[in-house]
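Heads up: the structure comes next, in structure tokens.
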Amino acid sequence: MEQHAVHDTQVLVLGGERLFALALAAAGIEDLPPIAVHRTDEPGAPSPDALPPIDVLLADRAISASEWRSLVTPRRRHMGRVYVGVDDAPDSPLAESIVLPADATPREVRLACVLVADADRWRRRLERRARREQQMRRLSLSDPLTGVGNVRAWKARLAAASRRARDEGAAVCVALFDVDFFKNINDTHGHDAGDEVLRAVASRLSAGVREGDFVARLGGDEFGLILGNSTVEQASKIVERVRQDVSTTVVADGGREIAVKASAGWCAIGPHDPPDAVVRRADVALRQAKQLGRDRTEAFACETERDGGEQSA
């Protein structure tokens with residue numbers, strides 16, 4: 001078969017001799033954007049995998065789901081469809097389609113193929129752009145070391161949680177976690193081992209929470225957890241369970257093992273609590289957990305807050 005430039009609109013014909021002749025006549029028109037016609041059912045024709053990426057399927061019959069699956073590959077996920085003389089042509093959410101009458105002229109066929117291909121190219125461009133933008137948003141809100149949320153994401157989610165507590169009366173709680181003696185881990189085992197510890201802690205935290213909860217690394221060895229729909233009783237159990245999971249983490253460092261322990265402090269978000277006050281109260285509880293020996297969970301008790309919340313129960 002004659003070789004065609006890859007930048008032409010690539011058309012795969014699925015039909016009889018009449019349709020193939022119509023496609024060849026359409027390809028011979030010189031004053032329109034070029035199309036390249038392919039067929040896989042003639043002697044010596046290449047297999048579908050050997051063809052360039054197909055832009056349009058030109059058919060004189062409906063394409064069954066099984067036939068469509070046999071033609072679609074990851075690099076040919078989007079293919080437009082032009083039907084000639086098909087009364088009930090199936091539609092596809094992944095492709096543009098045009099239905100022409102049985103007596104369509106070669107010029108109409110070629111224009112339809114070019115239009116459908118252009119529409120699908122724009123669709124692919126828009127999807128690629130959307131994926132890139134989504135990836136950039138995800139990266140801008142993720143901690144590069146651990147993959148959990150970063151400080152920017154934490155602030156946004158905390159503000160949203162505070163609004164829910166205020167406007168909807170939602171039961172929302174916040175917890176802070178610190179790796180116990182993390183500086184000693186870095187000093188003894190090195191920063192690479194310390195990074196592995198942080199990744200392991202982030203993984204345990206993410207695995208231990210429920211759908212709708214949110215985990216972020218706030219800097220250094222400190223992590224934050226927002227429990228999106230939890231009463232005080234539920235939060236107490238969840239935070240302690242997650243902290244215990246973290247405190248069973250063991251990270252290999254060559255022939256040595258690093259046993260990880262963690263402390264946690266948490267508080268409920270009241271209907272009138274600004275986000276910074278919530279974090280400060282959780283931090284008060286976290287510091288008390290450290291003062292009481294570490295490797296434990298403490299809750300902030302509102303009635304004991306004095307001097308702006310710098311002391312705790």
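As shown in the structure tokens, the chain order sets the letters A, B, ...; within each chain, residues go from 1, and ligands are also counted from 1 in the order they appear.
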
Selection near stretch 178-192 of chain A, 6 Å with only C-alpha atoms, sequence-local residues under 4 positions removed, as an mmCIF file with N, CA and C atoms, in the first residue's frame:
```cif
data_model
loop_
_atom_site.group_PDB
_atom_site.id
_atom_site.type_symbol
_atom_site.label_atom_id
_atom_site.label_comp_id
_atom_site.auth_asym_id
_atom_site.auth_seq_id
_atom_site.Cartn_x
_atom_site.Cartn_y
_atom_site.Cartn_z
ATOM 1 N N ASP A 221 9.853 16.481 61.570
ATOM 2 C CA ASP A 221 9.235 15.189 61.896
ATOM 3 C C ASP A 221 7.817 15.356 62.419
ATOM 4 N N GLU A 222 7.189 16.483 62.154
ATOM 5 C CA GLU A 222 5.834 16.739 62.645
ATOM 6 C C GLU A 222 4.817 16.491 61.536
ATOM 7 N N LYS A 261 9.106 5.447 67.503
ATOM 8 C CA LYS A 261 8.061 5.769 68.472
ATOM 9 C C LYS A 261 7.538 7.159 68.173
ATOM 10 N N ALA A 262 6.306 7.414 68.590
ATOM 11 C CA ALA A 262 5.703 8.716 68.297
ATOM 12 C C ALA A 262 4.830 9.173 69.440
ATOM 13 N N SER A 263 4.716 10.497 69.552
ATOM 14 C CA SER A 263 3.806 11.126 70.504
ATOM 15 C C SER A 263 2.740 11.884 69.723
#
```

Near stretch 142-158 of chain A, counting only C-alpha atoms, which residues have an atom at most 9 Å away, once you skip same-chain residues fewer than 6 positions from it, shown as JSON, numbers by chain?
{"A": [174, 195, 196, 198, 199, 200, 201, 202, 203, 206, 214, 215, 216, 217, 218, 219, 224, 225, 226, 275, 278]}

Suppose we keep N, CA and C atoms; can you now write the selection as a PDB file, in the first residue's frame?
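Result file part.pdb:
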```pdb
ATOM      1  N   VAL A 174      -8.543  17.570  65.294  1.00  0.00           N
ATOM      2  CA  VAL A 174      -7.211  17.755  64.721  1.00  0.00           C
ATOM      3  C   VAL A 174      -6.191  17.135  65.656  1.00  0.00           C
ATOM      4  N   ASP A 195      15.111  10.117  56.588  1.00  0.00           N
ATOM      5  CA  ASP A 195      14.105  10.286  55.535  1.00  0.00           C
ATOM      6  C   ASP A 195      13.254   9.017  55.390  1.00  0.00           C
ATOM      7  N   GLU A 196      13.896   7.853  55.490  1.00  0.00           N
ATOM      8  CA  GLU A 196      13.135   6.598  55.411  1.00  0.00           C
ATOM      9  C   GLU A 196      12.154   6.484  56.568  1.00  0.00           C
ATOM     10  N   LEU A 198      10.686   9.011  58.079  1.00  0.00           N
ATOM     11  CA  LEU A 198       9.582   9.926  57.801  1.00  0.00           C
ATOM     12  C   LEU A 198       8.630   9.348  56.757  1.00  0.00           C
ATOM     13  N   ARG A 199       9.191   8.701  55.749  1.00  0.00           N
ATOM     14  CA  ARG A 199       8.326   8.078  54.740  1.00  0.00           C
ATOM     15  C   ARG A 199       7.509   6.942  55.357  1.00  0.00           C
ATOM     16  N   ALA A 200       8.138   6.169  56.225  1.00  0.00           N
ATOM     17  CA  ALA A 200       7.419   5.066  56.868  1.00  0.00           C
ATOM     18  C   ALA A 200       6.309   5.586  57.777  1.00  0.00           C
ATOM     19  N   VAL A 201       6.591   6.648  58.507  1.00  0.00           N
ATOM     20  CA  VAL A 201       5.575   7.238  59.385  1.00  0.00           C
ATOM     21  C   VAL A 201       4.405   7.763  58.558  1.00  0.00           C
ATOM     22  N   ALA A 202       4.700   8.459  57.474  1.00  0.00           N
ATOM     23  CA  ALA A 202       3.636   8.989  56.609  1.00  0.00           C
ATOM     24  C   ALA A 202       2.781   7.857  56.060  1.00  0.00           C
ATOM     25  N   SER A 203       3.432   6.761  55.680  1.00  0.00           N
ATOM     26  CA  SER A 203       2.692   5.615  55.150  1.00  0.00           C
ATOM     27  C   SER A 203       1.784   5.006  56.213  1.00  0.00           C
ATOM     28  N   SER A 206      -1.193   7.363  56.806  1.00  0.00           N
ATOM     29  CA  SER A 206      -2.153   7.331  55.705  1.00  0.00           C
ATOM     30  C   SER A 206      -2.950   6.035  55.703  1.00  0.00           C
ATOM     31  N   PHE A 214      -7.492  13.448  56.627  1.00  0.00           N
ATOM     32  CA  PHE A 214      -6.407  14.084  55.872  1.00  0.00           C
ATOM     33  C   PHE A 214      -5.119  14.070  56.681  1.00  0.00           C
ATOM     34  N   VAL A 215      -4.032  13.669  56.008  1.00  0.00           N
ATOM     35  CA  VAL A 215      -2.716  13.598  56.633  1.00  0.00           C
ATOM     36  C   VAL A 215      -1.780  14.567  55.912  1.00  0.00           C
ATOM     37  N   ALA A 216      -0.961  15.287  56.689  1.00  0.00           N
ATOM     38  CA  ALA A 216       0.015  16.205  56.096  1.00  0.00           C
ATOM     39  C   ALA A 216       1.298  16.188  56.914  1.00  0.00           C
ATOM     40  N   ARG A 217       2.385  16.468  56.236  1.00  0.00           N
ATOM     41  CA  ARG A 217       3.650  16.688  56.935  1.00  0.00           C
ATOM     42  C   ARG A 217       3.805  18.194  57.095  1.00  0.00           C
ATOM     43  N   LEU A 218       3.983  18.623  58.329  1.00  0.00           N
ATOM     44  CA  LEU A 218       4.006  20.043  58.628  1.00  0.00           C
ATOM     45  C   LEU A 218       5.418  20.602  58.713  1.00  0.00           C
ATOM     46  N   GLY A 219       6.406  19.745  58.579  1.00  0.00           N
ATOM     47  CA  GLY A 219       7.787  20.183  58.654  1.00  0.00           C
ATOM     48  C   GLY A 219       8.577  19.307  59.596  1.00  0.00           C
ATOM     49  N   GLY A 224       0.423  16.244  60.728  1.00  0.00           N
ATOM     50  CA  GLY A 224      -0.900  16.646  61.174  1.00  0.00           C
ATOM     51  C   GLY A 224      -1.965  15.725  60.622  1.00  0.00           C
ATOM     52  N   LEU A 225      -3.041  15.564  61.368  1.00  0.00           N
ATOM     53  CA  LEU A 225      -4.159  14.722  60.971  1.00  0.00           C
ATOM     54  C   LEU A 225      -5.460  15.469  61.233  1.00  0.00           C
ATOM     55  N   ILE A 226      -6.302  15.550  60.219  1.00  0.00           N
ATOM     56  CA  ILE A 226      -7.636  16.132  60.366  1.00  0.00           C
ATOM     57  C   ILE A 226      -8.655  15.004  60.250  1.00  0.00           C
ATOM     58  N   PRO A 275      -8.535  28.593  62.870  1.00  0.00           N
ATOM     59  CA  PRO A 275      -7.589  27.491  62.622  1.00  0.00           C
ATOM     60  C   PRO A 275      -6.300  27.586  63.427  1.00  0.00           C
ATOM     61  N   VAL A 278      -6.739  26.262  66.891  1.00  0.00           N
ATOM     62  CA  VAL A 278      -6.875  24.805  66.913  1.00  0.00           C
ATOM     63  C   VAL A 278      -5.500  24.150  66.908  1.00  0.00           C
TER      64      VAL A 278
END
```

Atom CA of A:Asp283 to atom CA of A:Ala301 measures 12.1 Å

*For A:Phe177, which residue among A:Gly293, A:Gly15, A:Gly220, A:Pro34 is the nearest when counting only C-alpha atoms?*
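Under the stated criterion, the closest residue is A:Gly220.
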
inquiry  = I'd like the contact shell of A:Pro33 - 12 Å cut-off, only C-alpha atoms, skipping same-chain residues fewer than 5 positions apart - returned as JSON, numbers by chain.
reply    = {"A": [7, 8, 9, 10, 26, 27, 28, 107, 110, 111, 112, 113, 114, 115, 117, 118]}

Next item on the list: Measuring atom to atom with only C-alpha atoms, identify which of A:Cys267, A:Ala95, A:Val109, A:Leu19 is nearest to A:Ala175.
Entry: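 Among the listed residues, the smallest separation from A:Ala175 belongs to A:Cys267.
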
Here atom CA of A:Thr248 and atom CA of A:Thr297 stand apart by 14.7 Å

- Query: So which residues touch A:Arg39 within 12 Å, counting only C-alpha atoms, skipping near sequence neighbours fewer than 2 positions away, as a PyMOL selection string?
  - Reply: chain A and resi 1-2+10-17+19-21+23-24+36-37+41-48+50-51+54+57-59

Those of stretch 47-296 of chain A in DSSP strand (DSSP E or B), formatted as a count of residues only: 51

Notebook entry, point to check: If you count only C-alpha atoms, which residues fall within 6 Å of stretch 229-242 of chain A, apart from same-chain ones fewer than 4 positions away, as a PyMOL selection string?
Noted result: chain A and resi 171-172+208+297

From the list A:Arg243, A:Arg61, A:Arg69, A:Arg121, the nearest residue to A:Ala89 using only C-alpha atoms is A:Arg61

Q | Residue neighbourhood stretch 96-102 of chain A, 6 Å, only C-alpha atoms, exclusion window fewer than 3 positions, as a ChimeraX atom specification | A | /A:80-85,116

Generate the output file for the selected residues, N, CA and C atoms, as a PDB file, in the first residue's frame.
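Saved the output as selection39.pdb:
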```
ATOM      1  N   GLY A  80     -11.953   8.943  16.256  1.00  0.00           N
ATOM      2  CA  GLY A  80     -13.241   9.402  15.784  1.00  0.00           C
ATOM      3  C   GLY A  80     -13.897   8.346  14.909  1.00  0.00           C
ATOM      4  N   ARG A  81     -15.177   8.516  14.656  1.00  0.00           N
ATOM      5  CA  ARG A  81     -15.915   7.550  13.840  1.00  0.00           C
ATOM      6  C   ARG A  81     -16.737   8.288  12.805  1.00  0.00           C
ATOM      7  N   VAL A  82     -16.639   7.840  11.572  1.00  0.00           N
ATOM      8  CA  VAL A  82     -17.497   8.334  10.494  1.00  0.00           C
ATOM      9  C   VAL A  82     -18.246   7.137   9.939  1.00  0.00           C
ATOM     10  N   TYR A  83     -19.574   7.190  10.016  1.00  0.00           N
ATOM     11  CA  TYR A  83     -20.419   6.112   9.521  1.00  0.00           C
ATOM     12  C   TYR A  83     -21.083   6.547   8.223  1.00  0.00           C
ATOM     13  N   VAL A  84     -21.130   5.654   7.254  1.00  0.00           N
ATOM     14  CA  VAL A  84     -21.790   5.929   5.976  1.00  0.00           C
ATOM     15  C   VAL A  84     -22.944   4.952   5.822  1.00  0.00           C
ATOM     16  N   GLY A  85     -24.155   5.498   5.771  1.00  0.00           N
ATOM     17  CA  GLY A  85     -25.334   4.671   5.556  1.00  0.00           C
ATOM     18  C   GLY A  85     -25.683   3.774   6.722  1.00  0.00           C
ATOM     19  N   VAL A 116     -13.831  15.195  12.201  1.00  0.00           N
ATOM     20  CA  VAL A 116     -13.846  14.319  13.369  1.00  0.00           C
ATOM     21  C   VAL A 116     -12.445  14.180  13.951  1.00  0.00           C
TER      22      VAL A 116
END
```

Computed gap from atom CA of A:Ala289 to atom CA of A:Val251 is 23.4 Å
